[in-house]
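Have a look at my_file20.tsv below; it lists TSV, C-alpha atoms.
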```
chain	number	residue	atom	x	y	z
K	1	MET	CA	0.00	0.00	0.00
K	2	LYS	CA	2.79	2.37	1.00
K	3	LYS	CA	4.68	1.59	-2.21
K	4	THR	CA	1.56	2.30	-4.27
K	5	ILE	CA	1.12	5.70	-2.61
K	6	ILE	CA	4.77	6.59	-3.23
K	7	LEU	CA	4.49	5.60	-6.91
K	8	ALA	CA	1.30	7.65	-7.28
K	9	LEU	CA	2.99	10.69	-5.73
K	10	LEU	CA	5.97	10.29	-8.06
K	11	ALA	CA	3.63	10.10	-11.04
K	12	LEU	CA	1.88	13.30	-9.95
K	13	LEU	CA	5.20	15.05	-9.48
K	14	THR	CA	6.29	13.96	-12.95
K	15	LEU	CA	3.07	15.25	-14.50
K	16	GLY	CA	3.45	18.48	-12.58
K	17	ALA	CA	7.01	18.90	-13.82
K	18	GLY	CA	5.89	18.28	-17.40
K	19	ALA	CA	3.13	20.89	-17.13
K	20	GLN	CA	5.57	23.36	-15.60
K	21	THR	CA	8.04	22.76	-18.42
K	22	GLN	CA	5.34	23.33	-21.03
K	23	LYS	CA	4.42	26.58	-19.31
K	24	GLU	CA	8.04	27.67	-19.25
K	25	MET	CA	8.42	26.91	-22.95
K	26	LYS	CA	5.42	29.09	-23.81
K	27	LYS	CA	6.80	31.85	-21.60
K	28	TRP	CA	10.18	31.56	-23.34
K	29	MET	CA	8.52	31.94	-26.73
K	30	ARG	CA	6.48	34.95	-25.64
K	31	LYS	CA	9.44	36.61	-23.95
K	32	GLY	CA	11.44	36.42	-27.17
K	33	GLU	CA	14.88	35.34	-25.98
K	34	TRP	CA	15.27	33.75	-29.43
K	35	ARG	CA	14.86	37.05	-31.29
K	36	GLY	CA	18.33	38.55	-31.27
K	37	ASN	CA	17.88	41.77	-33.26
K	38	PHE	CA	14.76	40.55	-35.06
K	39	HIS	CA	11.66	42.42	-33.85
K	40	ALA	CA	9.57	42.71	-37.01
K	41	ALA	CA	7.34	39.69	-36.33
K	42	SER	CA	6.31	37.17	-33.69
K	43	PRO	CA	5.22	33.51	-33.81
K	44	HIS	CA	1.71	32.85	-35.12
K	45	LYS	CA	-0.69	31.37	-32.56
K	46	THR	CA	-0.36	27.95	-34.27
K	47	VAL	CA	3.39	27.64	-33.57
K	48	ASN	CA	4.16	24.72	-31.25
K	49	ALA	CA	6.04	26.37	-28.37
K	50	ALA	CA	7.49	23.11	-27.04
K	51	GLU	CA	8.89	22.15	-30.43
K	52	PHE	CA	10.23	25.66	-31.03
K	53	TYR	CA	11.95	25.71	-27.64
K	54	THR	CA	13.41	22.22	-28.08
K	55	GLN	CA	14.62	22.69	-31.64
K	56	TYR	CA	16.06	26.12	-30.93
K	57	HIS	CA	18.14	24.79	-28.04
K	58	LYS	CA	19.27	21.73	-29.99
K	59	ASN	CA	20.33	23.85	-32.96
K	60	PRO	CA	20.90	27.46	-31.81
K	61	GLY	CA	23.39	28.33	-34.54
K	62	GLN	CA	20.91	27.93	-37.40
K	63	TRP	CA	18.06	29.69	-35.61
K	64	GLN	CA	20.23	32.62	-34.52
K	65	ALA	CA	21.63	33.01	-38.04
K	66	LEU	CA	18.11	32.86	-39.50
K	67	PHE	CA	16.77	35.60	-37.24
K	68	GLN	CA	19.89	37.71	-37.76
K	69	TRP	CA	19.45	37.44	-41.54
K	70	LEU	CA	15.79	38.44	-41.25
K	71	ALA	CA	16.73	41.41	-39.06
K	72	THR	CA	19.38	42.74	-41.43
K	73	THR	CA	17.71	42.11	-44.81
K	74	ASP	CA	15.18	44.32	-46.60
K	75	LEU	CA	12.70	41.52	-47.23
K	76	THR	CA	10.38	43.55	-49.44
K	77	ALA	CA	13.17	44.80	-51.72
K	78	ILE	CA	15.47	41.79	-51.98
K	79	GLU	CA	15.34	39.96	-55.32
K	80	LYS	CA	13.21	36.85	-55.48
K	81	GLY	CA	15.11	33.57	-55.57
K	82	LYS	CA	17.49	31.63	-53.35
K	83	HIS	CA	19.68	33.47	-50.84
K	84	PRO	CA	22.27	31.62	-48.69
K	85	ILE	CA	22.22	32.62	-45.04
K	86	PRO	CA	25.83	33.45	-44.07
K	87	GLY	CA	27.65	31.03	-41.80
K	88	THR	CA	25.13	28.21	-42.30
K	89	THR	CA	23.90	25.69	-44.84
K	90	LEU	CA	20.50	27.41	-44.74
K	91	VAL	CA	18.99	28.97	-47.84
K	92	ALA	CA	16.20	31.54	-47.74
K	93	SER	CA	13.76	31.21	-50.61
K	94	VAL	CA	12.16	34.56	-51.47
K	95	GLU	CA	8.97	33.68	-53.31
K	96	ASP	CA	6.72	36.06	-55.22
K	97	SER	CA	3.71	33.87	-55.73
K	98	GLU	CA	-0.08	33.65	-55.66
K	99	ASN	CA	-2.49	31.74	-53.48
K	100	GLN	CA	-4.59	29.08	-55.23
K	101	PRO	CA	-7.92	27.36	-54.54
K	102	LEU	CA	-7.64	24.61	-51.94
K	103	GLU	CA	-8.19	21.83	-54.47
K	104	LYS	CA	-5.06	22.91	-56.36
K	105	ARG	CA	-2.78	22.88	-53.32
K	106	ARG	CA	-1.05	19.75	-51.97
K	107	SER	CA	-0.77	18.79	-48.33
K	108	GLU	CA	2.63	17.87	-46.97
K	109	SER	CA	4.90	17.24	-44.04
K	110	HIS	CA	8.63	16.75	-43.67
K	111	ARG	CA	10.81	14.54	-41.49
K	112	ARG	CA	14.26	16.12	-41.71
K	113	HIS	CA	13.33	19.77	-42.01
K	114	ILE	CA	11.22	22.46	-40.41
K	115	ASP	CA	9.33	24.91	-42.62
K	116	PHE	CA	9.78	28.50	-41.47
K	117	GLN	CA	7.47	30.84	-43.42
K	118	TYR	CA	7.17	34.60	-43.10
K	119	VAL	CA	4.69	36.56	-45.22
K	120	VAL	CA	6.10	40.03	-45.99
K	121	LYS	CA	3.56	41.11	-48.64
K	122	GLY	CA	-0.09	40.17	-48.96
K	123	THR	CA	-2.07	37.52	-47.09
K	124	GLU	CA	-1.39	33.79	-47.32
K	125	GLY	CA	-3.86	31.05	-46.49
K	126	PHE	CA	-2.65	27.99	-44.57
K	127	ALA	CA	-4.13	24.80	-43.17
K	128	LEU	CA	-3.17	22.27	-40.51
K	129	LEU	CA	-4.47	18.74	-41.00
K	130	ASP	CA	-6.13	16.48	-38.48
K	131	HIS	CA	-3.87	13.42	-38.10
K	132	ALA	CA	-6.65	10.96	-37.29
K	133	THR	CA	-8.54	11.63	-40.54
K	134	SER	CA	-5.62	12.35	-42.90
K	135	PRO	CA	-3.99	9.15	-44.18
K	136	ALA	CA	-0.85	9.36	-46.28
K	137	ASN	CA	-1.59	8.98	-50.00
K	138	CYS	CA	1.97	8.20	-51.07
K	139	ALA	CA	5.24	6.81	-49.77
K	140	TYR	CA	7.69	9.16	-48.07
K	141	ASP	CA	10.01	10.71	-50.67
K	142	GLU	CA	13.39	10.69	-48.92
K	143	LYS	CA	15.13	12.73	-51.61
K	144	LYS	CA	12.57	15.55	-51.45
K	145	ASP	CA	11.86	14.99	-47.73
K	146	VAL	CA	8.12	15.09	-48.22
K	147	ILE	CA	4.98	13.04	-47.79
K	148	HIS	CA	1.45	13.97	-48.91
K	149	TYR	CA	-1.96	13.23	-47.38
K	150	ASP	CA	-5.65	12.87	-48.08
K	151	TYR	CA	-7.72	14.95	-45.68
K	152	ASP	CA	-11.23	15.99	-44.71
K	153	PRO	CA	-11.60	19.80	-45.12
K	154	ARG	CA	-14.29	19.77	-42.43
K	155	LYS	CA	-11.72	18.58	-39.89
K	156	THR	CA	-8.93	20.82	-41.12
K	157	ASN	CA	-7.85	23.99	-39.30
K	158	PHE	CA	-7.66	26.91	-41.75
K	159	PHE	CA	-6.01	30.23	-40.96
K	160	GLU	CA	-4.45	33.25	-42.62
K	161	CYS	CA	-1.18	35.02	-42.06
K	162	ALA	CA	-0.86	38.57	-43.39
K	163	ALA	CA	2.11	40.88	-43.66
K	164	SER	CA	0.07	43.42	-41.67
K	165	GLN	CA	-0.23	40.94	-38.78
K	166	ASP	CA	3.55	40.79	-38.23
K	167	ARG	CA	3.53	37.02	-37.69
K	168	PHE	CA	5.52	34.04	-38.98
K	169	VAL	CA	4.55	30.38	-39.01
K	170	ILE	CA	6.69	27.32	-38.29
K	171	PHE	CA	5.70	23.84	-39.44
K	172	PHE	CA	7.49	21.06	-37.55
K	173	PRO	CA	7.38	17.41	-38.73
K	174	GLY	CA	4.19	16.85	-36.74
K	175	ASP	CA	2.49	19.79	-38.46
K	176	TRP	CA	0.89	18.33	-41.58
K	177	HIS	CA	0.10	21.43	-43.57
K	178	ILE	CA	-1.04	23.14	-46.75
K	179	ALA	CA	0.33	26.53	-47.82
K	180	LYS	CA	-0.65	29.20	-50.34
K	181	ILE	CA	-4.40	28.64	-50.09
K	182	ALA	CA	-6.65	31.31	-51.61
K	183	THR	CA	-8.14	33.72	-49.09
K	184	LYS	CA	-11.20	35.98	-49.32
K	185	LYS	CA	-8.98	38.94	-50.17
K	186	SER	CA	-9.33	40.50	-53.62
K	187	ASP	CA	-5.57	40.26	-54.19
K	188	GLN	CA	-4.00	36.78	-53.94
K	189	ARG	CA	-0.44	37.89	-54.67
K	190	ILE	CA	2.03	37.28	-51.88
K	191	ARG	CA	5.71	37.51	-51.05
K	192	VAL	CA	6.80	34.87	-48.57
K	193	ILE	CA	10.17	34.00	-47.12
K	194	VAL	CA	10.64	30.23	-46.74
K	195	VAL	CA	13.57	28.64	-44.91
K	196	LYS	CA	14.00	24.93	-44.27
K	197	VAL	CA	15.73	24.57	-40.92
K	198	ASP	CA	17.27	21.22	-39.98
K	199	TYR	CA	15.14	19.14	-37.62
K	200	VAL	CA	17.32	17.66	-34.87
K	201	GLU	CA	16.20	14.37	-33.31
```
What is this file in structure tokens?
Amino acid sequence: MKKTIILALLALLTLGAGAQTQKEMKKWMRKGEWRGNFHAASPHKTVNAAEFYTQYHKNPGQWQALFQWLATTDLTAIEKGKHPIPGTTLVASVEDSENQPLEKRRSESHRRHIDFQYVVKGTEGFALLDHATSPANCAYDEKKDVIHYDYDPRKTNFFECAASQDRFVIFFPGDWHIAKIATKKSDQRIRVIVVKVDYVE
């Protein structure tokens, strides 16, 4: 009986510690210790704080270089195309593109990379898929680091990210997503900065 009580108390303490850690991770994200000199935007409400905290601390060099590059680059004037981020293997893709109807966009997730996306002109539509109702519809493509899914739009979380909102989104491997979905705005043209950060196990 005594042993059972001790084990139950240990379990409660463990759960308490986990909840406290989650709270600390969210506080860390809100506080912005990761920012460096980058103050133009903050994480979108969909960003997984625990994953962000964990990946940042496992791979600080890439994240710090990414935010430094964002802070020191005129993102609305820079030429579209691929831009290496100094001191890293990261490449920023500056994309002048247009949103498309949902049926023309493909769902995806990645295993080795994290999608960092920052809308600097226009409004981009995004979606996060429900895992339980979104089976994979192809084998994982290791070369392209991508897998695609079937999904039920009724169980899919749609949102928008606009340049005027000063937000960026981050899709970790567990975030099965769709990007560049048409919004209700009259203008579907966007400029988005996309960087694939290494995911560290």
Take the point (17.6, 26.4, -30.3) in the file's coordinates, draw a sphere of radius 12 Å around it, and report as a ChimeraX atom specification every protein, DNA or RNA residue with an atom inside or on it, counting only C-alpha atoms.
/K:25,28-29,33-35,49-67,197-200
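Atom CA of Val91 of chain K to atom CA of Gly32 of chain K spans 23.2 Å [interatomic distance, one decimal].
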Taking 3 positions as the minimum chain separation for residues in the same chain, which residues sit within 7 Å of Val120 of chain K when counting all atoms listed in the file? Answer as a list in words.
Leu75, Thr76, Ala163, Arg191 and Val192 of chain K
Between K:Lys121, K:Lys196, K:Lys184, K:Arg112, single out the one closest to Asp166 of chain K, counting only C-alpha atoms.
K:Lys121
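The space separating atom CA of Lys23 of chain K from atom CA of Glu201 of chain K comes to 22.0 Å.
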Near-Ile190 of chain K list (7 Å; only C-alpha atoms; drop same-chain fewer than 6 positions) as an MDAnalysis selection string
chainID K and resid 96:98 121:124
Identify which of the residues K:Lys82, K:Phe159, K:Gly125, K:Lys45 lies closest to Gln100 of chain K, counting only C-alpha atoms when measuring atom-to-atom distances.
K:Gly125
Starting from the incomplete input, reconstruct N, CA and C atoms of segment 82-107 of chain K and report them as an mmCIF file, keeping the file's coordinate frame.
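Final file, out29.cif:
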```cif
data_model
loop_
_atom_site.group_PDB
_atom_site.id
_atom_site.type_symbol
_atom_site.label_atom_id
_atom_site.label_comp_id
_atom_site.auth_asym_id
_atom_site.auth_seq_id
_atom_site.Cartn_x
_atom_site.Cartn_y
_atom_site.Cartn_z
ATOM 1 N N LYS K 82 16.816 32.290 -54.462
ATOM 2 C CA LYS K 82 17.490 31.630 -53.350
ATOM 3 C C LYS K 82 18.613 32.507 -52.809
ATOM 4 N N HIS K 83 18.662 32.638 -51.481
ATOM 5 C CA HIS K 83 19.680 33.470 -50.840
ATOM 6 C C HIS K 83 20.312 32.688 -49.685
ATOM 7 N N PRO K 84 21.593 32.317 -49.804
ATOM 8 C CA PRO K 84 22.270 31.620 -48.690
ATOM 9 C C PRO K 84 22.313 32.502 -47.457
ATOM 10 N N ILE K 85 22.119 31.894 -46.297
ATOM 11 C CA ILE K 85 22.220 32.620 -45.040
ATOM 12 C C ILE K 85 23.648 32.445 -44.523
ATOM 13 N N PRO K 86 24.401 33.526 -44.405
ATOM 14 C CA PRO K 86 25.830 33.450 -44.070
ATOM 15 C C PRO K 86 26.127 32.618 -42.827
ATOM 16 N N GLY K 87 27.188 31.825 -42.934
ATOM 17 C CA GLY K 87 27.650 31.030 -41.800
ATOM 18 C C GLY K 87 26.884 29.752 -41.561
ATOM 19 N N THR K 88 25.952 29.419 -42.472
ATOM 20 C CA THR K 88 25.130 28.210 -42.300
ATOM 21 C C THR K 88 24.953 27.521 -43.650
ATOM 22 N N THR K 89 24.296 26.376 -43.598
ATOM 23 C CA THR K 89 23.900 25.690 -44.840
ATOM 24 C C THR K 89 22.469 26.094 -45.223
ATOM 25 N N LEU K 90 21.876 27.000 -44.479
ATOM 26 C CA LEU K 90 20.500 27.410 -44.740
ATOM 27 C C LEU K 90 20.412 28.274 -45.989
ATOM 28 N N VAL K 91 19.272 28.149 -46.669
ATOM 29 C CA VAL K 91 18.990 28.970 -47.840
ATOM 30 C C VAL K 91 17.595 29.564 -47.671
ATOM 31 N N ALA K 92 17.497 30.886 -47.802
ATOM 32 C CA ALA K 92 16.200 31.540 -47.740
ATOM 33 C C ALA K 92 15.632 31.632 -49.153
ATOM 34 N N SER K 93 14.436 31.140 -49.325
ATOM 35 C CA SER K 93 13.760 31.210 -50.610
ATOM 36 C C SER K 93 12.785 32.384 -50.565
ATOM 37 N N VAL K 94 13.043 33.395 -51.386
ATOM 38 C CA VAL K 94 12.160 34.560 -51.470
ATOM 39 C C VAL K 94 11.206 34.317 -52.626
ATOM 40 N N GLU K 95 9.938 34.120 -52.315
ATOM 41 C CA GLU K 95 8.970 33.680 -53.310
ATOM 42 C C GLU K 95 7.900 34.743 -53.551
ATOM 43 N N ASP K 96 7.833 35.224 -54.780
ATOM 44 C CA ASP K 96 6.720 36.060 -55.220
ATOM 45 C C ASP K 96 5.745 35.127 -55.915
ATOM 46 N N SER K 97 4.612 34.923 -55.279
ATOM 47 C CA SER K 97 3.710 33.870 -55.730
ATOM 48 C C SER K 97 2.263 34.311 -55.586
ATOM 49 N N GLU K 98 1.347 33.386 -55.834
ATOM 50 C CA GLU K 98 -0.080 33.650 -55.660
ATOM 51 C C GLU K 98 -0.739 32.475 -54.961
ATOM 52 N N ASN K 99 -1.676 32.781 -54.087
ATOM 53 C CA ASN K 99 -2.490 31.740 -53.480
ATOM 54 C C ASN K 99 -3.346 31.075 -54.558
ATOM 55 N N GLN K 100 -3.741 29.823 -54.302
ATOM 56 C CA GLN K 100 -4.590 29.080 -55.230
ATOM 57 C C GLN K 100 -5.756 28.440 -54.478
ATOM 58 N N PRO K 101 -6.821 28.074 -55.195
ATOM 59 C CA PRO K 101 -7.920 27.360 -54.540
ATOM 60 C C PRO K 101 -7.411 26.108 -53.837
ATOM 61 N N LEU K 102 -8.060 25.741 -52.755
ATOM 62 C CA LEU K 102 -7.640 24.610 -51.940
ATOM 63 C C LEU K 102 -7.409 23.352 -52.751
ATOM 64 N N GLU K 103 -8.294 23.068 -53.706
ATOM 65 C CA GLU K 103 -8.190 21.830 -54.470
ATOM 66 C C GLU K 103 -6.937 21.765 -55.354
ATOM 67 N N LYS K 104 -6.283 22.889 -55.550
ATOM 68 C CA LYS K 104 -5.060 22.910 -56.360
ATOM 69 C C LYS K 104 -3.787 22.842 -55.512
ATOM 70 N N ARG K 105 -3.947 22.874 -54.215
ATOM 71 C CA ARG K 105 -2.780 22.880 -53.320
ATOM 72 C C ARG K 105 -2.589 21.482 -52.721
ATOM 73 N N ARG K 106 -1.347 21.079 -52.535
ATOM 74 C CA ARG K 106 -1.050 19.750 -51.970
ATOM 75 C C ARG K 106 -0.703 19.864 -50.487
ATOM 76 N N SER K 107 -1.147 18.888 -49.746
ATOM 77 C CA SER K 107 -0.770 18.790 -48.330
ATOM 78 C C SER K 107 0.614 18.186 -48.240
#
```
